[in-house]
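The data block below is run04.csv; it holds CSV, C-alpha atoms.
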chain,number,residue,atom,x,y,z
A,8,MET,CA,4.9,3.4,6.8
A,9,PRO,CA,4.8,0.3,9.0
A,10,ARG,CA,8.1,-1.3,10.0
A,11,GLU,CA,6.9,-4.8,9.3
A,12,ARG,CA,5.5,-6.1,6.0
A,13,GLY,CA,3.2,-9.1,5.5
A,14,GLU,CA,1.5,-11.4,7.9
A,15,LYS,CA,3.0,-13.1,11.0
A,16,VAL,CA,0.7,-15.7,12.6
A,17,VAL,CA,0.8,-15.7,16.4
A,18,ALA,CA,-1.8,-18.4,17.2
A,19,THR,CA,-4.5,-20.5,15.4
A,20,ASN,CA,-7.5,-22.2,16.7
A,21,ARG,CA,-7.2,-25.7,15.2
A,22,ARG,CA,-10.2,-27.2,17.0
A,23,ALA,CA,-12.6,-24.6,15.5
A,24,ARG,CA,-12.8,-26.3,12.1
A,25,HIS,CA,-13.5,-29.6,13.9
A,26,ASP,CA,-16.1,-28.4,16.3
A,27,TYR,CA,-18.0,-25.9,14.1
A,28,ASN,CA,-19.3,-25.3,10.6
A,29,LEU,CA,-17.8,-22.0,9.6
A,30,GLU,CA,-20.1,-19.7,7.7
A,31,LYS,CA,-18.3,-16.5,7.1
A,32,SER,CA,-15.1,-15.0,8.5
A,33,TYR,CA,-14.2,-11.4,9.3
A,34,GLU,CA,-10.9,-9.6,10.0
A,35,ALA,CA,-11.0,-7.4,13.1
A,36,GLY,CA,-8.5,-5.2,14.8
A,37,LEU,CA,-7.8,-5.5,18.6
A,38,VAL,CA,-7.6,-2.9,21.3
A,39,LEU,CA,-4.5,-4.0,23.2
A,40,THR,CA,-2.2,-2.6,25.9
A,41,GLY,CA,1.6,-2.3,25.4
A,42,THR,CA,2.5,-5.5,27.4
A,43,GLU,CA,-0.1,-7.5,25.4
A,44,VAL,CA,1.5,-6.5,22.1
A,45,LYS,CA,5.0,-7.4,23.4
A,46,SER,CA,3.7,-10.8,24.6
A,47,LEU,CA,2.1,-11.4,21.2
A,48,ARG,CA,5.3,-10.5,19.4
A,49,GLN,CA,7.0,-13.3,21.4
A,50,GLY,CA,4.4,-15.6,19.8
A,51,ARG,CA,2.5,-16.4,23.0
A,52,ALA,CA,-1.3,-16.7,22.9
A,53,ASN,CA,-4.0,-19.3,23.2
A,54,LEU,CA,-7.3,-19.1,21.3
A,55,SER,CA,-8.8,-22.5,22.2
A,56,ASP,CA,-11.4,-21.3,24.7
A,57,GLY,CA,-12.0,-17.9,23.2
A,58,TYR,CA,-15.2,-16.5,21.8
A,59,ALA,CA,-16.6,-13.2,20.7
A,60,TYR,CA,-19.9,-11.4,21.4
A,61,VAL,CA,-21.7,-8.2,20.5
A,62,LYS,CA,-23.0,-6.0,23.3
A,63,GLY,CA,-24.3,-2.4,23.0
A,64,GLY,CA,-23.3,-2.1,19.3
A,65,GLU,CA,-19.6,-3.1,20.1
A,66,ALA,CA,-17.9,-6.4,19.6
A,67,PHE,CA,-15.7,-8.0,22.3
A,68,LEU,CA,-13.3,-10.9,22.5
A,69,ASP,CA,-13.4,-12.9,25.7
A,70,ALA,CA,-11.4,-15.9,27.2
A,71,VAL,CA,-8.4,-15.5,24.9
A,72,HIS,CA,-5.3,-16.2,26.9
A,73,ILE,CA,-2.4,-13.8,26.3
A,74,PRO,CA,0.1,-14.5,29.0
A,75,GLU,CA,1.8,-11.7,31.0
A,76,TYR,CA,4.9,-10.2,29.4
A,77,SER,CA,7.9,-11.7,31.1
A,78,GLN,CA,9.8,-8.4,31.4
A,79,GLY,CA,6.8,-6.4,32.4
A,80,HIS,CA,6.3,-5.0,35.9
A,81,TRP,CA,3.3,-3.5,37.7
A,82,THR,CA,1.9,-2.3,34.3
A,83,ASN,CA,1.3,-5.9,33.1
A,84,HIS,CA,-2.1,-6.9,31.8
A,85,SER,CA,-4.3,-9.7,33.1
A,86,ALA,CA,-4.1,-12.8,31.0
A,87,LYS,CA,-7.7,-13.4,30.2
A,88,ARG,CA,-9.3,-9.9,30.1
A,89,ILE,CA,-12.0,-8.9,27.7
A,90,ARG,CA,-10.7,-7.1,24.6
A,91,LYS,CA,-12.6,-4.8,22.3
A,92,LEU,CA,-12.7,-5.7,18.6
A,93,LEU,CA,-12.5,-3.1,15.9
A,94,LEU,CA,-15.1,-3.8,13.2
A,95,HIS,CA,-17.2,-1.6,10.9
A,96,LYS,CA,-20.7,-0.8,12.3
A,97,ASP,CA,-22.5,-2.7,9.5
A,98,GLU,CA,-20.4,-5.8,10.1
A,99,ILE,CA,-21.2,-5.6,13.8
A,100,ARG,CA,-24.9,-5.2,13.0
A,101,LYS,CA,-24.8,-8.3,10.7
A,102,LEU,CA,-23.0,-10.4,13.4
A,103,GLU,CA,-25.4,-9.2,16.1
A,104,HIS,CA,-28.5,-10.2,14.0
A,105,ALA,CA,-27.0,-13.7,13.1
A,106,VAL,CA,-26.1,-14.5,16.7
A,107,SER,CA,-29.4,-13.2,18.2
A,108,ALA,CA,-31.4,-15.2,15.6
A,109,GLY,CA,-30.0,-18.3,17.3
A,110,GLY,CA,-27.7,-21.2,16.5
A,111,TYR,CA,-24.7,-19.1,15.6
A,112,THR,CA,-21.6,-18.1,17.7
A,113,LEU,CA,-18.5,-16.0,17.0
A,114,ILE,CA,-15.2,-17.8,17.4
A,115,PRO,CA,-11.6,-16.6,16.8
A,116,LEU,CA,-9.7,-18.6,14.2
A,117,LYS,CA,-6.4,-16.9,14.0
A,118,LEU,CA,-4.4,-14.1,15.8
A,119,TYR,CA,-1.8,-12.5,13.7
A,120,PHE,CA,0.1,-9.3,12.9
A,121,SER,CA,-0.7,-7.7,9.5
A,122,ASP,CA,1.8,-5.0,8.5
A,123,GLY,CA,2.7,-4.5,12.2
A,124,ARG,CA,-0.9,-4.3,13.5
A,125,ALA,CA,-2.5,-7.0,15.7
A,126,LYS,CA,-5.6,-8.6,14.0
A,127,VAL,CA,-7.9,-11.5,14.8
A,128,GLU,CA,-9.9,-13.5,12.3
A,129,ILE,CA,-13.3,-14.3,13.7
A,130,ALA,CA,-15.9,-16.6,12.1
A,131,LEU,CA,-19.6,-16.8,12.3
A,132,ALA,CA,-20.0,-20.5,13.1
A,133,LYS,CA,-22.7,-23.1,13.9
A,134,GLY,CA,-21.8,-25.9,16.3
A,135,LYS,CA,-21.5,-29.4,14.9
A,136,LYS,CA,-23.2,-32.4,16.5
A,137,GLU,CA,-21.1,-35.4,17.5
A,138,TYR,CA,-22.3,-37.5,14.5
A,139,ASP,CA,-21.4,-34.6,12.1
A,140,LYS,CA,-17.9,-34.6,13.5
A,141,ARG,CA,-17.6,-38.4,13.0
A,142,GLN,CA,-19.0,-38.1,9.4
A,143,THR,CA,-16.5,-35.3,8.6
A,144,LEU,CA,-13.6,-37.5,9.9
A,145,ARG,CA,-14.9,-40.5,7.9
A,146,GLU,CA,-15.1,-38.4,4.7
A,147,ARG,CA,-11.6,-37.2,5.2
A,148,GLN,CA,-10.3,-40.7,5.7
A,149,ASP,CA,-12.2,-42.0,2.6
A,150,THR,CA,-10.7,-39.3,0.4
A,151,ARG,CA,-7.2,-40.0,1.8
A,152,GLU,CA,-7.6,-43.8,1.1
A,153,ALA,CA,-8.9,-43.1,-2.5
A,154,GLU,CA,-5.9,-40.8,-3.2
A,155,ARG,CA,-3.5,-43.5,-1.8
A,156,ALA,CA,-5.1,-46.1,-4.0
A,157,MET,CA,-4.8,-43.9,-7.1
A,158,ARG,CA,-1.2,-43.2,-6.4
A,159,LEU,CA,-0.5,-47.0,-6.1
A,160,ARG,CA,-2.4,-47.7,-9.3
A,161,ASN,CA,-0.4,-45.0,-11.2
A,162,ARG,CA,2.9,-46.4,-9.9
A,163,VAL,CA,2.0,-49.9,-11.1
A,164,GLY,CA,1.2,-48.6,-14.5
A,165,GLU,CA,4.7,-47.0,-15.0
Can the structure in the file be given as structure tokens, please?
Amino acid sequence: MPRERGEKVVATNRRARHDYNLEKSYEAGLVLTGTEVKSLRQGRANLSDGYAYVKGGEAFLDAVHIPEYSQGHWTNHSAKRIRKLLLHKDEIRKLEHAVSAGGYTLIPLKLYFSDGRAKVEIALAKGKKEYDKRQTLRERQDTREAERAMRLRNRVGE
């Protein structure tokens, strides 16, 4: 029985939804060393430059920054090492086909603890063009203005 219950979010990749169209997301376990887990429990990680890839039937997470544990010594880990992802074989095969077909990439969205175990949410994503990003911002701004106008209209009617 795990000591912790529920989900504790360590880090999120907020730029991912802005820069990519997210197709499908997967939950994957992480192969970590002891000092990495301790550093994550302190809430220290950065997913902004991270990406995942499939090589030799295995999935890996690269360029995710987990800083060294402050109370660690010679057994400390390197901050940006490549970490293995734990996924089912059929999930890895699907991801490998999608990425090799072209246009898709694997990006980490969220790093968290689920019932005491470190997990990462990765997404199959397609990069947005600059005009797509502007259009998304414009649509968000238009819906915000419409909601604001409706609130003001409803207040006047009261």
**Q.** For CA of Gly110 in chain A and CA of Leu29 in chain A, the interatomic separation in Å (one decimal)
**A.**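 Computed distance, CA of Gly110 in chain A to CA of Leu29 in chain A, equals 12.1 Å.
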Q: Find the residues near Ala18 in chain A: any atom within 9 Å, counting all atoms listed in the file, skip ones fewer than 5 places away on the same chain, and give them as a list in words.
A: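 Near neighbours after the sequence-gap exclusion: Leu47, Gly50, Arg51, Ala52, Asn53, Leu54, Leu116, Lys117, Leu118 and Tyr119 of chain A.
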With C-alpha atoms retained, could you export that selection as a compact mmCIF listing (two decimals), in the coordinates of the input?
# COMPACT_ATOMS: atom_id res chain seq x y z
CA LEU A 47 2.10 -11.40 21.20
CA GLY A 50 4.40 -15.60 19.80
CA ARG A 51 2.50 -16.40 23.00
CA ALA A 52 -1.30 -16.70 22.90
CA ASN A 53 -4.00 -19.30 23.20
CA LEU A 54 -7.30 -19.10 21.30
CA LEU A 116 -9.70 -18.60 14.20
CA LYS A 117 -6.40 -16.90 14.00
CA LEU A 118 -4.40 -14.10 15.80
CA TYR A 119 -1.80 -12.50 13.70
Q: Could you tell me how far CA of Leu68 in chain A lies from CA of Lys140 in chain A, in Å and to one decimal?
A: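 It comes out at 25.8 Å.
CA of Arg48 in chain A is positioned 15.0 Å from CA of Asn83 in chain A.
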(Q) From the options A:Thr42, A:Asn20, A:Ser55, A:Thr112, which residue's atoms come nearest to Gly79 in chain A, counting only C-alpha atoms? (A)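 Closest to Gly79 in chain A, using only C-alpha atoms: A:Thr42.
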Need to verify the contact set: Thr82 in chain A, 12 Å, all atoms listed in the file, exclusion of same-chain residues closer than 4 positions in sequence. Can you return it as a CSV table (one decimal) with C-alpha atoms, in the coordinates of the input?
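Dumped to part.csv:
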chain,number,residue,atom,x,y,z
A,40,THR,CA,-2.2,-2.6,25.9
A,41,GLY,CA,1.6,-2.3,25.4
A,42,THR,CA,2.5,-5.5,27.4
A,43,GLU,CA,-0.1,-7.5,25.4
A,75,GLU,CA,1.8,-11.7,31.0
A,76,TYR,CA,4.9,-10.2,29.4
A,77,SER,CA,7.9,-11.7,31.1
A,78,GLN,CA,9.8,-8.4,31.4
Q.
Between A:Ile114, A:Ala86, A:Ala70, A:Val44, which residue has the minimum interatomic distance to Ala132 in chain A, considering only C-alpha atoms?
A.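 Among the listed residues, the smallest separation from Ala132 in chain A belongs to A:Ile114.
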Q) Hey, what's within 9 Å of Ser121 in chain A if we count only C-alpha atoms and toss same-chain stuff fewer than 3 positions away? As a ChimeraX atom specification, please? A) /A:11-16,124-126
